[in-house]
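What follows is the content of input.cif, which has mmCIF, C-alpha atoms, pLDDT in the B column; chains and numbers go by the auth columns:
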data_coords
#
loop_
_atom_site.group_PDB
_atom_site.id
_atom_site.type_symbol
_atom_site.label_atom_id
_atom_site.label_comp_id
_atom_site.label_asym_id
_atom_site.label_seq_id
_atom_site.Cartn_x
_atom_site.Cartn_y
_atom_site.Cartn_z
_atom_site.B_iso_or_equiv
_atom_site.auth_seq_id
_atom_site.auth_asym_id
ATOM 1 C CA MET A 1 15.598 0.670 23.636 34.00 13 U
ATOM 2 C CA ARG A 2 11.934 0.077 24.503 36.00 14 U
ATOM 3 C CA ARG A 3 10.868 1.679 21.214 38.00 15 U
ATOM 4 C CA MET A 4 13.147 -0.661 19.262 37.00 16 U
ATOM 5 C CA LEU A 5 11.856 -3.683 21.178 37.00 17 U
ATOM 6 C CA VAL A 6 8.247 -2.733 20.464 38.00 18 U
ATOM 7 C CA SER A 7 8.983 -2.195 16.755 37.00 19 U
ATOM 8 C CA CYS A 8 10.798 -5.525 16.510 41.00 20 U
ATOM 9 C CA MET A 9 7.936 -7.337 18.211 39.00 21 U
ATOM 10 C CA ALA A 10 5.369 -5.699 15.912 40.00 22 U
ATOM 11 C CA ALA A 11 7.488 -6.411 12.869 40.00 23 U
ATOM 12 C CA GLY A 12 7.691 -10.062 13.852 40.00 24 U
ATOM 13 C CA ALA A 13 4.045 -10.399 12.933 42.00 25 U
ATOM 14 C CA VAL A 14 4.913 -9.512 9.338 43.00 26 U
ATOM 15 C CA TRP A 15 8.399 -10.928 8.974 39.00 27 U
ATOM 16 C CA LEU A 16 9.066 -14.077 10.922 36.00 28 U
ATOM 17 C CA THR A 17 12.813 -13.679 10.811 34.00 29 U
ATOM 18 C CA GLY A 18 14.460 -10.746 12.558 44.00 30 U
ATOM 19 C CA CYS A 19 13.337 -7.188 12.997 67.00 31 U
ATOM 20 C CA ALA A 20 11.797 -5.314 10.051 77.00 32 U
ATOM 21 C CA ASN A 21 13.594 -2.244 8.859 91.00 33 U
ATOM 22 C CA CYS A 22 12.109 0.636 6.890 92.00 34 U
ATOM 23 C CA GLU A 23 13.124 -0.826 3.531 93.00 35 U
ATOM 24 C CA GLN A 24 11.323 -4.074 4.360 95.00 36 U
ATOM 25 C CA LEU A 25 8.222 -2.134 5.373 95.00 37 U
ATOM 26 C CA GLN A 26 8.334 -0.168 2.092 94.00 38 U
ATOM 27 C CA GLU A 27 8.580 -3.487 0.210 96.00 39 U
ATOM 28 C CA GLY A 28 5.778 -4.955 2.328 96.00 40 U
ATOM 29 C CA ALA A 29 3.511 -2.032 1.424 96.00 41 U
ATOM 30 C CA THR A 30 4.279 -2.463 -2.281 96.00 42 U
ATOM 31 C CA GLU A 31 3.604 -6.211 -2.053 98.00 43 U
ATOM 32 C CA LEU A 32 0.323 -5.599 -0.231 98.00 44 U
ATOM 33 C CA VAL A 33 -0.949 -3.240 -2.944 97.00 45 U
ATOM 34 C CA SER A 34 0.222 -5.652 -5.640 97.00 46 U
ATOM 35 C CA HIS A 35 -1.577 -8.557 -3.955 98.00 47 U
ATOM 36 C CA TYR A 36 -4.910 -6.725 -3.892 98.00 48 U
ATOM 37 C CA ALA A 37 -4.406 -5.432 -7.444 98.00 49 U
ATOM 38 C CA ARG A 38 -4.168 -8.899 -9.025 98.00 50 U
ATOM 39 C CA CYS A 39 -6.603 -9.386 -11.866 98.00 51 U
ATOM 40 C CA SER A 40 -7.395 -11.694 -14.761 97.00 52 U
ATOM 41 C CA PRO A 41 -9.160 -11.100 -18.073 97.00 53 U
ATOM 42 C CA GLY A 42 -12.772 -10.147 -17.368 96.00 54 U
ATOM 43 C CA ASP A 43 -12.072 -8.786 -13.872 97.00 55 U
ATOM 44 C CA THR A 44 -13.077 -5.258 -12.929 98.00 56 U
ATOM 45 C CA CYS A 45 -10.877 -2.838 -11.054 98.00 57 U
ATOM 46 C CA GLN A 46 -11.687 0.047 -8.758 98.00 58 U
ATOM 47 C CA LYS A 47 -9.842 3.221 -7.851 98.00 59 U
ATOM 48 C CA ILE A 48 -9.067 3.626 -4.143 97.00 60 U
ATOM 49 C CA ASP A 49 -7.484 6.318 -1.999 96.00 61 U
ATOM 50 C CA LEU A 50 -4.492 4.439 -0.599 96.00 62 U
ATOM 51 C CA LEU A 51 -3.440 7.341 1.615 93.00 63 U
ATOM 52 C CA ALA A 52 -6.842 7.494 3.317 94.00 64 U
ATOM 53 C CA LEU A 53 -7.012 3.715 3.770 95.00 65 U
ATOM 54 C CA ALA A 54 -3.493 3.449 5.214 95.00 66 U
ATOM 55 C CA GLY A 55 -3.763 6.584 7.339 91.00 67 U
ATOM 56 C CA GLY A 56 -2.890 10.067 6.183 81.00 68 U
ATOM 57 C CA GLN A 57 0.310 10.471 8.158 82.00 69 U
ATOM 58 C CA ASN A 58 2.138 7.412 6.844 87.00 70 U
ATOM 59 C CA CYS A 59 5.441 7.581 4.987 88.00 71 U
ATOM 60 C CA LEU A 60 5.259 4.398 2.910 94.00 72 U
ATOM 61 C CA GLY A 61 5.580 5.174 -0.785 93.00 73 U
ATOM 62 C CA ALA A 62 3.049 2.579 -1.956 94.00 74 U
ATOM 63 C CA PHE A 63 0.333 4.229 0.146 94.00 75 U
ATOM 64 C CA GLN A 64 0.850 7.860 -0.920 92.00 76 U
ATOM 65 C CA CYS A 65 -1.702 8.312 -3.719 93.00 77 U
ATOM 66 C CA PHE A 66 -4.649 6.647 -5.346 96.00 78 U
ATOM 67 C CA GLY A 67 -4.292 3.130 -6.706 96.00 79 U
ATOM 68 C CA ALA A 68 -6.291 0.427 -8.418 97.00 80 U
ATOM 69 C CA VAL A 69 -7.363 -2.872 -6.883 98.00 81 U
ATOM 70 C CA ASN A 70 -9.627 -5.694 -7.956 98.00 82 U
ATOM 71 C CA THR A 71 -13.297 -5.076 -7.162 98.00 83 U
ATOM 72 C CA THR A 72 -13.300 -8.414 -5.326 97.00 84 U
ATOM 73 C CA ALA A 73 -10.653 -7.096 -2.907 96.00 85 U
ATOM 74 C CA ASN A 74 -11.602 -7.095 0.768 97.00 86 U
ATOM 75 C CA LEU A 75 -10.939 -3.417 1.500 97.00 87 U
ATOM 76 C CA THR A 76 -11.520 -3.845 5.231 97.00 88 U
ATOM 77 C CA GLU A 77 -8.717 -6.413 5.391 98.00 89 U
ATOM 78 C CA PHE A 78 -6.532 -4.287 3.117 97.00 90 U
ATOM 79 C CA GLN A 79 -7.048 -1.295 5.402 97.00 91 U
ATOM 80 C CA ARG A 80 -6.224 -3.321 8.519 97.00 92 U
ATOM 81 C CA ARG A 81 -2.997 -4.620 6.993 97.00 93 U
ATOM 82 C CA ALA A 82 -2.032 -1.246 5.475 97.00 94 U
ATOM 83 C CA ARG A 83 -2.537 0.570 8.769 96.00 95 U
ATOM 84 C CA ALA A 84 -0.481 -2.052 10.602 95.00 96 U
ATOM 85 C CA LEU A 85 2.400 -1.504 8.167 95.00 97 U
ATOM 86 C CA ALA A 86 2.028 2.276 8.415 94.00 98 U
ATOM 87 C CA GLN A 87 2.057 2.068 12.222 94.00 99 U
ATOM 88 C CA GLN A 88 5.232 -0.037 12.168 94.00 100 U
ATOM 89 C CA ALA A 89 6.822 2.442 9.771 93.00 101 U
ATOM 90 C CA SER A 90 6.017 5.325 12.113 91.00 102 U
ATOM 91 C CA ILE A 91 8.157 3.579 14.739 91.00 103 U
ATOM 92 C CA VAL A 92 10.915 2.113 12.556 91.00 104 U
ATOM 93 C CA CYS A 93 11.512 4.605 9.717 90.00 105 U
ATOM 94 C CA GLN A 94 13.794 7.578 10.209 89.00 106 U
ATOM 95 C CA PRO A 95 12.785 10.913 8.605 83.00 107 U
ATOM 96 C CA GLY A 96 15.193 10.401 5.686 84.00 108 U
ATOM 97 C CA GLU A 97 13.674 6.986 4.928 86.00 109 U
ATOM 98 C CA CYS A 98 10.116 8.267 4.578 83.00 110 U
ATOM 99 C CA VAL A 99 8.644 8.672 1.124 83.00 111 U
ATOM 100 C CA THR A 100 6.241 11.428 0.174 79.00 112 U
ATOM 101 C CA VAL A 101 5.140 12.086 -3.379 82.00 113 U
ATOM 102 C CA ALA A 102 3.077 14.494 -5.438 85.00 114 U
ATOM 103 C CA CYS A 103 0.020 12.684 -6.774 89.00 115 U
ATOM 104 C CA VAL A 104 -1.777 13.075 -10.087 89.00 116 U
ATOM 105 C CA ASP A 105 -5.362 14.284 -9.807 93.00 117 U
ATOM 106 C CA PRO A 106 -7.300 11.017 -9.442 92.00 118 U
ATOM 107 C CA ARG A 107 -10.137 12.388 -11.600 93.00 119 U
ATOM 108 C CA GLU A 108 -7.715 12.168 -14.543 94.00 120 U
ATOM 109 C CA LEU A 109 -7.222 8.417 -14.045 96.00 121 U
ATOM 110 C CA LYS A 110 -9.377 5.344 -14.539 97.00 122 U
ATOM 111 C CA PRO A 111 -8.821 1.812 -13.188 98.00 123 U
ATOM 112 C CA VAL A 112 -8.301 -1.010 -15.676 97.00 124 U
ATOM 113 C CA CYS A 113 -7.054 -4.583 -15.566 98.00 125 U
ATOM 114 C CA ASP A 114 -3.751 -4.824 -17.438 98.00 126 U
ATOM 115 C CA THR A 115 -3.966 -8.460 -18.448 96.00 127 U
ATOM 116 C CA GLU A 116 -0.292 -8.578 -19.491 96.00 128 U
ATOM 117 C CA LEU A 117 0.768 -7.528 -15.996 96.00 129 U
ATOM 118 C CA GLY A 118 -2.082 -9.340 -14.271 98.00 130 U
ATOM 119 C CA GLN A 119 -2.598 -6.177 -12.219 98.00 131 U
ATOM 120 C CA CYS A 120 -5.173 -3.458 -11.830 98.00 132 U
ATOM 121 C CA VAL A 121 -3.576 -0.159 -12.810 97.00 133 U
ATOM 122 C CA LEU A 122 -4.608 3.459 -13.195 96.00 134 U
ATOM 123 C CA VAL A 123 -4.377 4.873 -16.709 96.00 135 U
ATOM 124 C CA PRO A 124 -5.081 8.384 -18.014 95.00 136 U
ATOM 125 C CA ARG A 125 -8.665 9.017 -19.031 91.00 137 U
ATOM 126 C CA GLN A 126 -9.134 9.704 -22.726 84.00 138 U
ATOM 127 C CA PRO A 127 -10.224 13.294 -23.496 73.00 139 U
#
Mind turning the file's structure into C-alpha coordinates?
Amino acid sequence: MRRMLVSCMAAGAVWLTGCANCEQLQEGATELVSHYARCSPGDTCQKIDLLALAGGQNCLGAFQCFGAVNTTANLTEFQRRARALAQQASIVCQPGECVTVACVDPRELKPVCDTELGQCVLVPRQP
(Lines of atoms letter the chains of each structure in order from A and count residues from 1; the text may use other names and numbers.)
(Lines give C-alpha, C1' and ligand atoms only; values in the text may rest on other atoms or scores of the structure.)
Protein backbone atom coordinates (compact mmCIF):
# COMPACT_ATOMS: atom_id res chain seq x y z
CA MET A 1 0.00 0.00 0.00
CA ARG A 2 2.80 2.43 0.89
CA ARG A 3 4.57 1.62 -2.39
CA MET A 4 1.42 2.42 -4.36
CA LEU A 5 0.92 5.67 -2.45
CA VAL A 6 4.50 6.75 -3.14
CA SER A 7 4.18 5.90 -6.85
CA CYS A 8 0.89 7.79 -7.12
CA MET A 9 2.36 10.83 -5.41
CA ALA A 10 5.42 10.78 -7.69
CA ALA A 11 3.27 10.28 -10.75
CA GLY A 12 1.17 13.28 -9.78
CA ALA A 13 4.11 15.48 -10.68
CA VAL A 14 3.86 14.26 -14.28
CA TRP A 15 0.15 13.64 -14.67
CA LEU A 16 -2.08 15.97 -12.74
CA THR A 17 -5.06 13.67 -12.87
CA GLY A 18 -4.94 10.31 -11.12
CA CYS A 19 -2.12 7.87 -10.66
CA ALA A 20 0.20 7.08 -13.59
CA ASN A 21 0.28 3.52 -14.78
CA CYS A 22 3.07 1.85 -16.73
CA GLU A 23 1.47 2.56 -20.10
CA GLN A 24 1.29 6.27 -19.27
CA LEU A 25 4.94 6.24 -18.23
CA GLN A 26 5.90 4.51 -21.50
CA GLU A 27 3.96 7.21 -23.40
CA GLY A 28 5.56 9.93 -21.27
CA ALA A 29 9.03 8.63 -22.15
CA THR A 30 8.18 8.59 -25.86
CA GLU A 31 6.79 12.13 -25.65
CA LEU A 32 9.89 13.33 -23.80
CA VAL A 33 12.23 11.99 -26.50
CA SER A 34 9.99 13.43 -29.21
CA HIS A 35 9.98 16.85 -27.53
CA TYR A 36 13.78 17.04 -27.44
CA ALA A 37 14.05 15.67 -30.99
CA ARG A 38 12.05 18.49 -32.59
CA CYS A 39 13.88 20.18 -35.41
CA SER A 40 13.37 22.56 -38.31
CA PRO A 41 15.21 22.98 -41.61
CA GLY A 42 18.78 24.06 -40.88
CA ASP A 43 18.87 22.54 -37.39
CA THR A 44 21.57 20.06 -36.42
CA CYS A 45 20.95 16.85 -34.55
CA GLN A 46 23.14 14.82 -32.24
CA LYS A 47 23.22 11.15 -31.33
CA ILE A 48 22.75 10.40 -27.62
CA ASP A 49 22.80 7.28 -25.48
CA LEU A 50 19.26 7.31 -24.10
CA LEU A 51 19.87 4.29 -21.88
CA ALA A 52 22.83 5.95 -20.16
CA LEU A 53 20.99 9.25 -19.72
CA ALA A 54 17.84 7.64 -18.30
CA GLY A 55 19.70 5.11 -16.16
CA GLY A 56 20.79 1.68 -17.30
CA GLN A 57 18.27 -0.34 -15.35
CA ASN A 58 15.12 1.31 -16.68
CA CYS A 59 12.41 -0.57 -18.56
CA LEU A 60 10.91 2.24 -20.65
CA GLY A 61 11.07 1.40 -24.34
CA ALA A 62 11.87 4.94 -25.51
CA PHE A 63 15.03 4.96 -23.38
CA GLN A 64 16.50 1.60 -24.44
CA CYS A 65 18.93 2.55 -27.22
CA PHE A 66 20.58 5.51 -28.84
CA GLY A 67 18.44 8.32 -30.21
CA ALA A 68 18.74 11.67 -31.93
CA VAL A 69 17.91 15.04 -30.40
CA ASN A 70 18.37 18.63 -31.47
CA THR A 71 21.81 20.03 -30.65
CA THR A 72 20.05 22.87 -28.83
CA ALA A 73 18.47 20.36 -26.42
CA ASN A 74 19.25 20.86 -22.74
CA LEU A 75 20.61 17.38 -22.00
CA THR A 76 20.85 18.06 -18.27
CA GLU A 77 17.12 18.77 -18.13
CA PHE A 78 16.39 15.81 -20.41
CA GLN A 79 18.38 13.54 -18.11
CA ARG A 80 16.60 14.83 -15.01
CA ARG A 81 13.18 14.25 -16.56
CA ALA A 82 14.14 10.87 -18.07
CA ARG A 83 15.49 9.59 -14.76
CA ALA A 84 12.36 10.74 -12.95
CA LEU A 85 10.21 8.76 -15.40
CA ALA A 86 12.50 5.74 -15.13
CA GLN A 87 12.34 5.90 -11.33
CA GLN A 88 8.54 6.03 -11.41
CA ALA A 89 8.50 3.09 -13.81
CA SER A 90 10.68 1.05 -11.45
CA ILE A 91 7.92 1.42 -8.84
CA VAL A 92 4.82 1.22 -11.05
CA CYS A 93 5.64 -1.22 -13.88
CA GLN A 94 5.25 -4.94 -13.39
CA PRO A 95 7.87 -7.26 -14.97
CA GLY A 96 5.58 -8.08 -17.91
CA GLU A 97 5.08 -4.38 -18.67
CA CYS A 98 8.79 -3.60 -18.99
CA VAL A 99 10.28 -3.18 -22.44
CA THR A 100 13.78 -4.27 -23.36
CA VAL A 101 15.08 -4.25 -26.90
CA ALA A 102 18.12 -5.22 -28.94
CA CYS A 103 19.78 -2.08 -30.27
CA VAL A 104 21.54 -1.47 -33.57
CA ASP A 105 25.23 -0.62 -33.26
CA PRO A 106 25.16 3.18 -32.90
CA ARG A 107 28.31 3.50 -35.04
CA GLU A 108 26.15 2.41 -37.99
CA LEU A 109 23.76 5.35 -37.51
CA LYS A 110 23.99 9.10 -38.01
CA PRO A 111 21.65 11.81 -36.68
CA VAL A 112 19.75 13.94 -39.18
CA CYS A 113 16.81 16.33 -39.09
CA ASP A 114 13.89 14.80 -40.98
CA THR A 115 12.17 18.01 -42.01
CA GLU A 116 8.99 16.18 -43.07
CA LEU A 117 8.61 14.73 -39.58
CA GLY A 118 10.08 17.77 -37.85
CA GLN A 119 12.16 15.35 -35.78
CA CYS A 120 15.77 14.39 -35.36
CA VAL A 121 16.15 10.74 -36.34
CA LEU A 122 18.93 8.20 -36.70
CA VAL A 123 19.50 6.87 -40.21
CA PRO A 124 21.95 4.25 -41.50
CA ARG A 125 25.34 5.59 -42.49
CA GLN A 126 26.13 5.25 -46.18
CA PRO A 127 28.94 2.77 -46.93
Could you expand the PyMOL selection byres ((chain U and resi 123) around 12) into the explicit residues it covers here, written as a short mmCIF file (atom, residue, chain, number, x, y, z; two decimals) with C-alpha atoms, in the coordinates of the input?
data_model
loop_
_atom_site.label_atom_id
_atom_site.label_comp_id
_atom_site.auth_asym_id
_atom_site.auth_seq_id
_atom_site.Cartn_x
_atom_site.Cartn_y
_atom_site.Cartn_z
CA ALA U 49 -4.41 -5.43 -7.44
CA CYS U 51 -6.60 -9.39 -11.87
CA ASP U 55 -12.07 -8.79 -13.87
CA THR U 56 -13.08 -5.26 -12.93
CA CYS U 57 -10.88 -2.84 -11.05
CA GLN U 58 -11.69 0.05 -8.76
CA LYS U 59 -9.84 3.22 -7.85
CA ILE U 60 -9.07 3.63 -4.14
CA PHE U 78 -4.65 6.65 -5.35
CA GLY U 79 -4.29 3.13 -6.71
CA ALA U 80 -6.29 0.43 -8.42
CA VAL U 81 -7.36 -2.87 -6.88
CA ASN U 82 -9.63 -5.69 -7.96
CA THR U 83 -13.30 -5.08 -7.16
CA PRO U 118 -7.30 11.02 -9.44
CA ARG U 119 -10.14 12.39 -11.60
CA GLU U 120 -7.72 12.17 -14.54
CA LEU U 121 -7.22 8.42 -14.04
CA LYS U 122 -9.38 5.34 -14.54
CA VAL U 124 -8.30 -1.01 -15.68
CA CYS U 125 -7.05 -4.58 -15.57
CA ASP U 126 -3.75 -4.82 -17.44
CA GLN U 131 -2.60 -6.18 -12.22
CA CYS U 132 -5.17 -3.46 -11.83
CA VAL U 133 -3.58 -0.16 -12.81
CA LEU U 134 -4.61 3.46 -13.20
CA VAL U 135 -4.38 4.87 -16.71
CA PRO U 136 -5.08 8.38 -18.01
CA ARG U 137 -8.66 9.02 -19.03
#
(request) Please evaluate the PyMOL selection byres ((chain U and resi 64) around 10) against the displayed coordinates and give the resulting residues as a list of chain:residue names. (result)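 Checked against the file, the PyMOL selection byres ((chain U and resi 64) around 10) matches U:Ile60, U:Asp61, U:Leu62, U:Leu63, U:Leu65, U:Ala66, U:Gly67, U:Gly68, U:Gln69, U:Asn70, U:Phe75, U:Gln76, U:Cys77, U:Phe78, U:Gln91, U:Arg95.
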(request) To one decimal in Å, tell me the separation between atom CA of U:Ala32 and atom CA of U:Thr88. (result)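 Here the two named atoms are 23.9 Å from each other.
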On this file, the PyMOL selection byres ((chain U and resi 72) around 8) gives some set of residues; write that set as a PDB file with C-alpha atoms, in the coordinates of the input.
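Below is the file that was written, selection_10.pdb:
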ATOM      1  CA  LEU U  37       8.222  -2.134   5.373  1.00 95.00           C
ATOM      2  CA  GLN U  38       8.334  -0.168   2.092  1.00 94.00           C
ATOM      3  CA  ALA U  41       3.511  -2.032   1.424  1.00 96.00           C
ATOM      4  CA  ASN U  70       2.138   7.412   6.844  1.00 87.00           C
ATOM      5  CA  CYS U  71       5.441   7.581   4.987  1.00 88.00           C
ATOM      6  CA  GLY U  73       5.580   5.174  -0.785  1.00 93.00           C
ATOM      7  CA  ALA U  74       3.049   2.579  -1.956  1.00 94.00           C
ATOM      8  CA  PHE U  75       0.333   4.229   0.146  1.00 94.00           C
ATOM      9  CA  GLN U  76       0.850   7.860  -0.920  1.00 92.00           C
ATOM     10  CA  ALA U  98       2.028   2.276   8.415  1.00 94.00           C
ATOM     11  CA  ALA U 101       6.822   2.442   9.771  1.00 93.00           C
ATOM     12  CA  CYS U 110      10.116   8.267   4.578  1.00 83.00           C
ATOM     13  CA  VAL U 111       8.644   8.672   1.124  1.00 83.00           C
ATOM     14  CA  THR U 112       6.241  11.428   0.174  1.00 79.00           C
TER      15      THR U 112
END
(request) Record the distance separating atom CA of U:His47 and atom CA of U:Gly130, expressed in Å with one decimal. (result)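 Interatomic distance here is 10.4 Å.
Between atom CA of U:Val116 and atom CA of U:Ser52 there is a distance of 25.8 Å.
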When you get a chance, write out all heavy atoms for stretch 90-101 of chain U, as a PDB file, keeping the file's coordinate frame.
ATOM      1  N   PHE U  90      -7.624  -5.087   3.665  1.00 97.00           N
ATOM      2  CA  PHE U  90      -6.532  -4.287   3.117  1.00 97.00           C
ATOM      3  C   PHE U  90      -6.211  -3.132   4.069  1.00 97.00           C
ATOM      4  O   PHE U  90      -5.047  -2.885   4.388  1.00 97.00           O
ATOM      5  CB  PHE U  90      -6.886  -3.744   1.724  1.00 97.00           C
ATOM      6  CG  PHE U  90      -5.840  -2.818   1.182  1.00 97.00           C
ATOM      7  CD1 PHE U  90      -4.770  -3.325   0.459  1.00 97.00           C
ATOM      8  CD2 PHE U  90      -5.908  -1.446   1.400  1.00 97.00           C
ATOM      9  CE1 PHE U  90      -3.783  -2.477  -0.027  1.00 97.00           C
ATOM     10  CE2 PHE U  90      -4.936  -0.598   0.921  1.00 97.00           C
ATOM     11  CZ  PHE U  90      -3.868  -1.115   0.198  1.00 97.00           C
ATOM     12  N   GLN U  91      -7.251  -2.428   4.511  1.00 97.00           N
ATOM     13  CA  GLN U  91      -7.048  -1.295   5.402  1.00 97.00           C
ATOM     14  C   GLN U  91      -6.383  -1.725   6.707  1.00 97.00           C
ATOM     15  O   GLN U  91      -5.465  -1.058   7.194  1.00 97.00           O
ATOM     16  CB  GLN U  91      -8.373  -0.594   5.700  1.00 97.00           C
ATOM     17  CG  GLN U  91      -8.208   0.616   6.603  1.00 97.00           C
ATOM     18  CD  GLN U  91      -9.514   1.341   6.837  1.00 97.00           C
ATOM     19  OE1 GLN U  91     -10.559   0.717   7.007  1.00 97.00           O
ATOM     20  NE2 GLN U  91      -9.457   2.656   6.836  1.00 97.00           N
ATOM     21  N   ARG U  92      -6.820  -2.828   7.278  1.00 97.00           N
ATOM     22  CA  ARG U  92      -6.224  -3.321   8.519  1.00 97.00           C
ATOM     23  C   ARG U  92      -4.736  -3.588   8.320  1.00 97.00           C
ATOM     24  O   ARG U  92      -3.908  -3.159   9.118  1.00 97.00           O
ATOM     25  CB  ARG U  92      -6.942  -4.599   8.971  1.00 97.00           C
ATOM     26  CG  ARG U  92      -6.468  -5.120  10.330  1.00 97.00           C
ATOM     27  CD  ARG U  92      -7.027  -6.498  10.650  1.00 97.00           C
ATOM     28  NE  ARG U  92      -6.514  -7.545   9.782  1.00 97.00           N
ATOM     29  CZ  ARG U  92      -5.267  -8.033   9.839  1.00 97.00           C
ATOM     30  NH1 ARG U  92      -4.411  -7.570  10.694  1.00 97.00           N
ATOM     31  NH2 ARG U  92      -4.895  -8.994   9.008  1.00 97.00           N
ATOM     32  N   ARG U  93      -4.396  -4.279   7.246  1.00 97.00           N
ATOM     33  CA  ARG U  93      -2.997  -4.620   6.993  1.00 97.00           C
ATOM     34  C   ARG U  93      -2.172  -3.383   6.645  1.00 97.00           C
ATOM     35  O   ARG U  93      -1.030  -3.246   7.073  1.00 97.00           O
ATOM     36  CB  ARG U  93      -2.921  -5.667   5.885  1.00 97.00           C
ATOM     37  CG  ARG U  93      -3.525  -7.004   6.339  1.00 97.00           C
ATOM     38  CD  ARG U  93      -3.592  -8.028   5.244  1.00 97.00           C
ATOM     39  NE  ARG U  93      -2.244  -8.415   4.805  1.00 97.00           N
ATOM     40  CZ  ARG U  93      -2.031  -9.176   3.757  1.00 97.00           C
ATOM     41  NH1 ARG U  93      -3.028  -9.660   3.038  1.00 97.00           N
ATOM     42  NH2 ARG U  93      -0.793  -9.494   3.426  1.00 97.00           N
ATOM     43  N   ALA U  94      -2.745  -2.474   5.859  1.00 97.00           N
ATOM     44  CA  ALA U  94      -2.032  -1.246   5.475  1.00 97.00           C
ATOM     45  C   ALA U  94      -1.758  -0.372   6.698  1.00 97.00           C
ATOM     46  O   ALA U  94      -0.656   0.160   6.862  1.00 97.00           O
ATOM     47  CB  ALA U  94      -2.843  -0.470   4.437  1.00 97.00           C
ATOM     48  N   ARG U  95      -2.737  -0.248   7.566  1.00 96.00           N
ATOM     49  CA  ARG U  95      -2.537   0.570   8.769  1.00 96.00           C
ATOM     50  C   ARG U  95      -1.523  -0.055   9.718  1.00 96.00           C
ATOM     51  O   ARG U  95      -0.767   0.656  10.377  1.00 96.00           O
ATOM     52  CB  ARG U  95      -3.865   0.830   9.466  1.00 96.00           C
ATOM     53  CG  ARG U  95      -4.692   1.806   8.651  1.00 96.00           C
ATOM     54  CD  ARG U  95      -5.894   2.323   9.342  1.00 96.00           C
ATOM     55  NE  ARG U  95      -6.527   3.272   8.422  1.00 96.00           N
ATOM     56  CZ  ARG U  95      -7.222   4.303   8.813  1.00 96.00           C
ATOM     57  NH1 ARG U  95      -7.395   4.549  10.081  1.00 96.00           N
ATOM     58  NH2 ARG U  95      -7.756   5.112   7.922  1.00 96.00           N
ATOM     59  N   ALA U  96      -1.483  -1.383   9.769  1.00 95.00           N
ATOM     60  CA  ALA U  96      -0.481  -2.052  10.602  1.00 95.00           C
ATOM     61  C   ALA U  96       0.926  -1.760  10.076  1.00 95.00           C
ATOM     62  O   ALA U  96       1.836  -1.444  10.851  1.00 95.00           O
ATOM     63  CB  ALA U  96      -0.738  -3.558  10.644  1.00 95.00           C
ATOM     64  N   LEU U  97       1.092  -1.833   8.759  1.00 95.00           N
ATOM     65  CA  LEU U  97       2.400  -1.504   8.167  1.00 95.00           C
ATOM     66  C   LEU U  97       2.756  -0.045   8.403  1.00 95.00           C
ATOM     67  O   LEU U  97       3.897   0.283   8.748  1.00 95.00           O
ATOM     68  CB  LEU U  97       2.395  -1.796   6.666  1.00 95.00           C
ATOM     69  CG  LEU U  97       2.500  -3.256   6.254  1.00 95.00           C
ATOM     70  CD1 LEU U  97       2.185  -3.418   4.770  1.00 95.00           C
ATOM     71  CD2 LEU U  97       3.883  -3.801   6.570  1.00 95.00           C
ATOM     72  N   ALA U  98       1.785   0.848   8.212  1.00 94.00           N
ATOM     73  CA  ALA U  98       2.028   2.276   8.415  1.00 94.00           C
ATOM     74  C   ALA U  98       2.397   2.571   9.871  1.00 94.00           C
ATOM     75  O   ALA U  98       3.274   3.390  10.150  1.00 94.00           O
ATOM     76  CB  ALA U  98       0.807   3.088   7.995  1.00 94.00           C
ATOM     77  N   GLN U  99       1.748   1.894  10.801  1.00 94.00           N
ATOM     78  CA  GLN U  99       2.057   2.068  12.222  1.00 94.00           C
ATOM     79  C   GLN U  99       3.486   1.613  12.519  1.00 94.00           C
ATOM     80  O   GLN U  99       4.232   2.285  13.220  1.00 94.00           O
ATOM     81  CB  GLN U  99       1.059   1.304  13.093  1.00 94.00           C
ATOM     82  CG  GLN U  99       1.358   1.329  14.573  1.00 94.00           C
ATOM     83  CD  GLN U  99       1.338   2.741  15.154  1.00 94.00           C
ATOM     84  OE1 GLN U  99       0.566   3.586  14.726  1.00 94.00           O
ATOM     85  NE2 GLN U  99       2.191   3.002  16.118  1.00 94.00           N
ATOM     86  N   GLN U 100       3.869   0.446  11.982  1.00 94.00           N
ATOM     87  CA  GLN U 100       5.232  -0.037  12.168  1.00 94.00           C
ATOM     88  C   GLN U 100       6.234   0.951  11.588  1.00 94.00           C
ATOM     89  O   GLN U 100       7.268   1.235  12.199  1.00 94.00           O
ATOM     90  CB  GLN U 100       5.410  -1.397  11.490  1.00 94.00           C
ATOM     91  CG  GLN U 100       4.693  -2.514  12.204  1.00 94.00           C
ATOM     92  CD  GLN U 100       4.805  -3.789  11.406  1.00 94.00           C
ATOM     93  OE1 GLN U 100       3.830  -4.236  10.819  1.00 94.00           O
ATOM     94  NE2 GLN U 100       5.982  -4.364  11.378  1.00 94.00           N
ATOM     95  N   ALA U 101       5.920   1.485  10.416  1.00 93.00           N
ATOM     96  CA  ALA U 101       6.822   2.442   9.771  1.00 93.00           C
ATOM     97  C   ALA U 101       6.980   3.699  10.605  1.00 93.00           C
ATOM     98  O   ALA U 101       8.069   4.283  10.657  1.00 93.00           O
ATOM     99  CB  ALA U 101       6.321   2.792   8.376  1.00 93.00           C
TER     100      ALA U 101
END
